[in-house]
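For reference, my_file.cif is printed below; it contains mmCIF, C-alpha atoms and all ligand atoms.
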```
data_my_file
loop_
_atom_site.label_atom_id
_atom_site.label_comp_id
_atom_site.auth_asym_id
_atom_site.auth_seq_id
_atom_site.Cartn_x
_atom_site.Cartn_y
_atom_site.Cartn_z
CA MET A 62 174.26 175.02 255.07
CA ALA A 63 173.18 171.77 253.33
CA PRO A 64 171.13 169.51 255.61
CA ASP A 65 173.22 166.80 257.22
CA ASN A 66 171.54 163.68 258.58
CA ARG A 67 174.10 163.47 261.36
CA ILE A 68 173.06 166.78 262.92
CA ALA A 69 169.93 167.25 265.07
CA ILE A 70 168.29 170.16 266.85
CA CYS A 71 166.70 169.75 270.31
CA PRO A 72 164.52 172.85 270.65
CA GLY A 73 162.61 174.26 273.60
CA THR A 74 161.94 177.18 275.88
CA PHE A 75 163.71 175.43 278.79
CA ASP A 76 162.32 177.72 281.50
CA PRO A 77 164.06 176.01 283.21
CA VAL A 78 165.70 172.89 281.81
CA THR A 79 164.58 169.74 283.66
CA ASN A 80 166.12 166.29 284.01
CA GLY A 81 163.47 165.14 281.54
CA HIS A 82 164.84 167.53 278.88
CA LEU A 83 168.37 166.40 279.72
CA ASP A 84 167.34 162.76 279.31
CA VAL A 85 166.10 163.50 275.77
CA ILE A 86 169.19 165.60 274.92
CA GLY A 87 171.49 162.83 276.21
CA ARG A 88 169.69 160.16 274.20
CA ALA A 89 169.78 162.37 271.07
CA SER A 90 173.52 162.93 271.57
CA ALA A 91 174.00 159.14 271.44
CA MET A 92 172.05 158.95 268.16
CA TYR A 93 173.54 161.88 266.21
CA ASP A 94 177.08 163.12 265.60
CA LYS A 95 176.10 166.62 266.67
CA VAL A 96 173.16 167.97 268.66
CA VAL A 97 172.39 171.67 268.80
CA VAL A 98 170.10 172.59 271.67
CA GLY A 99 168.06 175.59 270.50
CA VAL A 100 166.77 177.80 273.30
CA VAL A 101 163.79 179.92 272.24
CA ASN A 102 164.59 183.63 272.56
CA LEU A 103 161.25 185.32 271.88
CA PRO A 104 160.18 187.51 274.81
CA TRP A 105 156.54 187.82 273.64
CA ARG A 106 156.02 184.07 273.38
CA LYS A 107 154.27 182.22 276.24
CA GLY A 108 154.32 185.39 278.35
CA ASN A 109 157.36 186.22 280.41
CA THR A 110 159.83 183.51 281.25
CA VAL A 111 161.11 183.26 284.83
CA PHE A 112 164.68 183.08 283.56
CA SER A 113 166.30 185.26 280.89
CA THR A 114 167.50 183.70 277.66
CA GLU A 115 171.11 183.96 278.88
CA GLU A 116 170.25 182.17 282.12
CA ARG A 117 168.32 179.43 280.33
CA VAL A 118 171.19 178.90 277.88
CA ASP A 119 173.72 178.81 280.74
CA PHE A 120 171.71 176.21 282.68
CA VAL A 121 171.56 173.90 279.66
CA ARG A 122 175.26 174.48 278.89
CA GLY A 123 176.22 173.69 282.47
CA ALA A 124 174.15 170.52 282.54
CA THR A 125 175.40 169.21 279.18
CA ARG A 126 179.08 170.05 279.63
CA ALA A 127 180.05 166.36 279.70
CA LEU A 128 178.40 165.71 276.32
CA ARG A 129 181.12 166.61 273.83
CA ASN A 130 178.85 166.65 270.77
CA VAL A 131 176.21 169.00 272.26
CA GLU A 132 176.14 172.75 271.60
CA VAL A 133 173.65 175.18 273.10
CA GLU A 134 172.45 178.34 271.34
CA PRO A 135 169.57 180.78 271.58
CA PHE A 136 167.41 181.31 268.49
CA SER A 137 164.78 183.86 267.57
CA THR A 138 163.66 182.67 264.15
CA LEU A 139 161.34 179.96 262.89
CA LEU A 140 162.55 176.62 264.20
CA VAL A 141 163.06 175.20 260.69
CA ASP A 142 165.12 178.26 259.71
CA PHE A 143 167.34 177.69 262.75
CA ALA A 144 167.64 173.99 261.84
CA ARG A 145 168.51 174.85 258.24
CA GLN A 146 171.04 177.44 259.32
CA ARG A 147 172.75 174.86 261.53
CA GLY A 148 172.67 172.21 258.79
CA ALA A 149 170.38 169.89 260.79
CA MET A 150 168.14 167.36 259.12
CA ALA A 151 166.25 166.36 262.27
CA ILE A 152 164.37 168.06 265.07
CA VAL A 153 164.34 165.81 268.14
CA LYS A 154 161.68 166.27 270.81
CA GLY A 155 160.48 164.32 273.83
CA LEU A 156 156.90 163.05 274.11
CA ARG A 157 155.44 162.43 277.54
CA ALA A 158 151.75 161.70 277.39
CA ILE A 159 148.77 161.89 275.06
CA SER A 160 148.45 165.51 276.16
CA ASP A 161 151.73 166.32 274.40
CA PHE A 162 150.63 164.59 271.24
CA GLU A 163 148.08 167.12 270.04
CA TYR A 164 150.43 170.09 270.43
CA GLU A 165 153.34 168.22 268.86
CA LEU A 166 151.20 167.04 265.96
CA GLU A 167 150.30 170.65 265.23
CA MET A 168 153.94 171.79 265.50
CA ASN A 169 154.96 168.88 263.29
CA GLN A 170 152.51 169.89 260.55
CA LEU A 171 153.57 173.54 260.78
CA ASN A 172 157.24 172.70 260.62
CA ARG A 173 156.88 170.20 257.77
CA ARG A 174 154.85 172.69 255.78
CA GLN A 175 157.68 175.22 256.14
CA ASP A 176 160.38 172.71 255.25
CA PRO A 177 159.49 169.12 254.30
CA GLU A 178 163.18 168.14 254.21
CA ILE A 179 163.58 168.55 257.97
CA GLU A 180 162.16 165.54 259.80
CA SER A 181 160.87 165.63 263.36
CA VAL A 182 161.82 162.68 265.56
CA TYR A 183 160.08 161.93 268.86
CA LEU A 184 161.66 160.11 271.78
CA MET A 185 159.24 158.72 274.35
CA ALA A 186 159.99 160.19 277.78
CA SER A 187 161.67 157.83 280.22
CA ALA A 188 159.09 156.60 282.73
CA LYS A 189 160.68 158.41 285.66
CA TYR A 190 160.30 161.75 283.88
CA SER A 191 156.95 161.19 282.21
CA PHE A 192 155.19 163.56 284.64
CA LEU A 193 157.88 166.24 284.62
CA SER A 194 157.37 169.72 283.12
CA SER A 195 159.03 173.10 283.57
CA SER A 196 155.72 174.62 284.70
CA GLY A 197 155.21 171.87 287.30
CA ILE A 198 158.72 172.48 288.60
CA LYS A 199 158.07 176.23 288.94
CA GLU A 200 154.89 175.54 290.86
CA LEU A 201 156.69 173.16 293.24
CA ALA A 202 159.52 175.66 293.70
CA THR A 203 157.10 178.49 294.47
CA PHE A 204 155.55 176.54 297.33
CA GLY A 205 158.73 174.97 298.69
CA GLY A 206 158.26 171.48 297.19
CA ASP A 207 161.10 169.02 296.78
CA ILE A 208 162.68 169.46 293.32
CA GLU A 209 166.19 168.15 294.05
CA ASP A 210 165.98 165.07 291.81
CA LEU A 211 164.07 166.76 289.02
CA VAL A 212 166.37 169.57 287.83
CA PRO A 213 170.16 170.18 287.90
CA ALA A 214 171.55 171.46 291.23
CA GLU A 215 172.30 174.89 289.76
CA VAL A 216 168.65 175.22 288.71
CA VAL A 217 167.39 174.14 292.16
CA GLN A 218 169.35 176.99 293.69
CA ALA A 219 168.25 179.56 291.09
CA LEU A 220 164.58 178.57 291.44
CA LYS A 221 164.75 178.90 295.21
CA GLU A 222 166.22 182.37 294.88
CA ARG A 223 163.81 183.52 292.15
CA LEU A 224 160.56 181.92 293.25
CA GLY A 225 160.92 180.72 296.83
CA ARG A 226 158.70 182.36 299.42
O1 LIG B 301 157.13 173.81 274.16
P1 LIG B 301 158.30 174.68 273.89
O2 LIG B 301 159.49 174.26 274.68
O3 LIG B 301 158.02 176.13 274.19
O4 LIG B 301 158.59 174.50 272.32
C1 LIG B 301 159.29 175.42 271.53
C2 LIG B 301 159.36 174.92 270.07
C3 LIG B 301 160.22 175.88 269.30
C4 LIG B 301 160.00 173.56 270.05
C5 LIG B 301 157.94 174.82 269.46
O5 LIG B 301 157.25 175.99 269.69
C6 LIG B 301 157.92 174.55 267.96
O6 LIG B 301 158.13 173.43 267.51
N1 LIG B 301 157.63 175.61 267.19
C7 LIG B 301 157.51 175.54 265.74
C8 LIG B 301 157.01 176.87 265.17
C9 LIG B 301 158.11 177.91 265.20
O7 LIG B 301 159.09 177.83 264.47
N2 LIG B 301 157.95 178.91 266.06
C10 LIG B 301 158.94 179.96 266.23
C11 LIG B 301 159.93 179.64 267.38
S1 LIG B 301 159.11 179.44 268.92
#
```

Just dump the structure as structure tokens.
Ligand code: PNS
Amino acid sequence: MAPDNRIAICPGTFDPVTNGHLDVIGRASAMYDKVVVGVVNLPWRKGNTVFSTEERVDFVRGATRALRNVEVEPFSTLLVDFARQRGAMAIVKGLRAISDFEYELEMNQLNRRQDPEIESVYLMASAKYSFLSSSGIKELATFGGDIEDLVPAEVVQALKERLGR
């Protein structure tokens, strides 16, 4: 599909999706005509995920139901190949702190080298989510911390069942 500057991909592992991810997806959906959330489906990457690909996709679908221009799909190819296949011209990601910058710079160079036509766009995390990560959430959930305002209700429940002690 020819790249279309009105279509963007929001990629991630989303294990699980957090309100910080949803903030970025919501802001991207206001900027582009269509946003495709790409959920990484590569079992060997980053070790085992707590949630299966189907579960991670379902959580994002459930939490973005009200956003009419957002679609959610798993992908198991290079990110730029997925973007190309979906006709996207932009990859939209959130940036929290300096610590994200180094990793994202590397990913940016890799992705641009594969396909210079697909531009990566970075949205600065909203202040209230600037500390939020999926791994932090899993750690809180494991030890019974309060995660109610940090992830969708469905995810709170699933984390309690999967990780709670
Ligand atoms: O930090 P995340 O959520 O695991 O990021 C996943 C993703 C796909 C956004 C990031 O790994 C990336 O930009 N990768 C580019 C290289 C690539 O295409 N890898 C194959 C898919 S993981």

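Ranking A:Asn109, A:Arg117, A:Gly87, A:Tyr164 by their shortest atom-to-atom distance to A:Glu215, with all atoms listed in the file included, puts A:Arg117 first.
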
Using all atoms listed in the file, which residues have at least one atom no more than 9 Å from ligand LIG 301 (chain B)? Output them as an mmCIF file with C-alpha atoms, in the frame of the given file.
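What landed in pocket.cif:
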```
data_model
loop_
_atom_site.group_PDB
_atom_site.id
_atom_site.type_symbol
_atom_site.label_atom_id
_atom_site.label_comp_id
_atom_site.auth_asym_id
_atom_site.auth_seq_id
_atom_site.Cartn_x
_atom_site.Cartn_y
_atom_site.Cartn_z
ATOM 1 C CA CYS A 71 166.700 169.750 270.310
ATOM 2 C CA PRO A 72 164.520 172.850 270.650
ATOM 3 C CA GLY A 73 162.610 174.260 273.600
ATOM 4 C CA THR A 74 161.940 177.180 275.880
ATOM 5 C CA PHE A 75 163.710 175.430 278.790
ATOM 6 C CA ASP A 76 162.320 177.720 281.500
ATOM 7 C CA GLY A 99 168.060 175.590 270.500
ATOM 8 C CA VAL A 100 166.770 177.800 273.300
ATOM 9 C CA VAL A 101 163.790 179.920 272.240
ATOM 10 C CA ASN A 102 164.590 183.630 272.560
ATOM 11 C CA LEU A 103 161.250 185.320 271.880
ATOM 12 C CA ARG A 106 156.020 184.070 273.380
ATOM 13 C CA LYS A 107 154.270 182.220 276.240
ATOM 14 C CA PHE A 136 167.410 181.310 268.490
ATOM 15 C CA SER A 137 164.780 183.860 267.570
ATOM 16 C CA THR A 138 163.660 182.670 264.150
ATOM 17 C CA LEU A 139 161.340 179.960 262.890
ATOM 18 C CA LEU A 140 162.550 176.620 264.200
ATOM 19 C CA VAL A 141 163.060 175.200 260.690
ATOM 20 C CA ASP A 142 165.120 178.260 259.710
ATOM 21 C CA PHE A 143 167.340 177.690 262.750
ATOM 22 C CA ILE A 152 164.370 168.060 265.070
ATOM 23 C CA LYS A 154 161.680 166.270 270.810
ATOM 24 C CA TYR A 164 150.430 170.090 270.430
ATOM 25 C CA GLU A 165 153.340 168.220 268.860
ATOM 26 C CA GLU A 167 150.300 170.650 265.230
ATOM 27 C CA MET A 168 153.940 171.790 265.500
ATOM 28 C CA ASN A 169 154.960 168.880 263.290
ATOM 29 C CA LEU A 171 153.570 173.540 260.780
ATOM 30 C CA ASN A 172 157.240 172.700 260.620
ATOM 31 C CA GLN A 175 157.680 175.220 256.140
ATOM 32 C CA SER A 195 159.030 173.100 283.570
#
```

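Distances from A:Leu184, A:Ala149, A:Ile198, A:Ile68 to A:Val212 were compared using all atoms listed in the file, and the smallest one belongs to A:Ile198.
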
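Distances from A:Glu222, A:Asp161, A:Glu132, A:Asp65 to A:Glu180 were compared using all atoms listed in the file, and the smallest one belongs to A:Asp65.
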
What residues have an atom no more than 12 Å from (170.3, 165.0, 272.2) in the file's own frame, counting only C-alpha atoms, and can you write them as number ranges by chain? A: 67-72, 81-99, 121, 125, 128-133, 151-155, 182-184

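Across the model, the gap from atom CA of A:Thr79 to atom CA of A:Leu193 is 7.6 Å.
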
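Atom CA of A:Phe112 is positioned 12.7 Å from atom CA of A:Val217.
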
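The space between atom CA of A:Ala124 and atom CA of A:Val78 spans 8.8 Å.
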
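In this comparison, which uses only C-alpha atoms, the residue of A:Ala202, A:Ala144, A:Leu166, A:Leu211 approaching A:Tyr190 most closely is A:Leu211.
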
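Proximity to A:Ala186 was assessed for A:Ile208, A:Met150, A:Leu201, A:Leu156 counting all atoms listed in the file; the smallest distance is recorded for A:Leu156.
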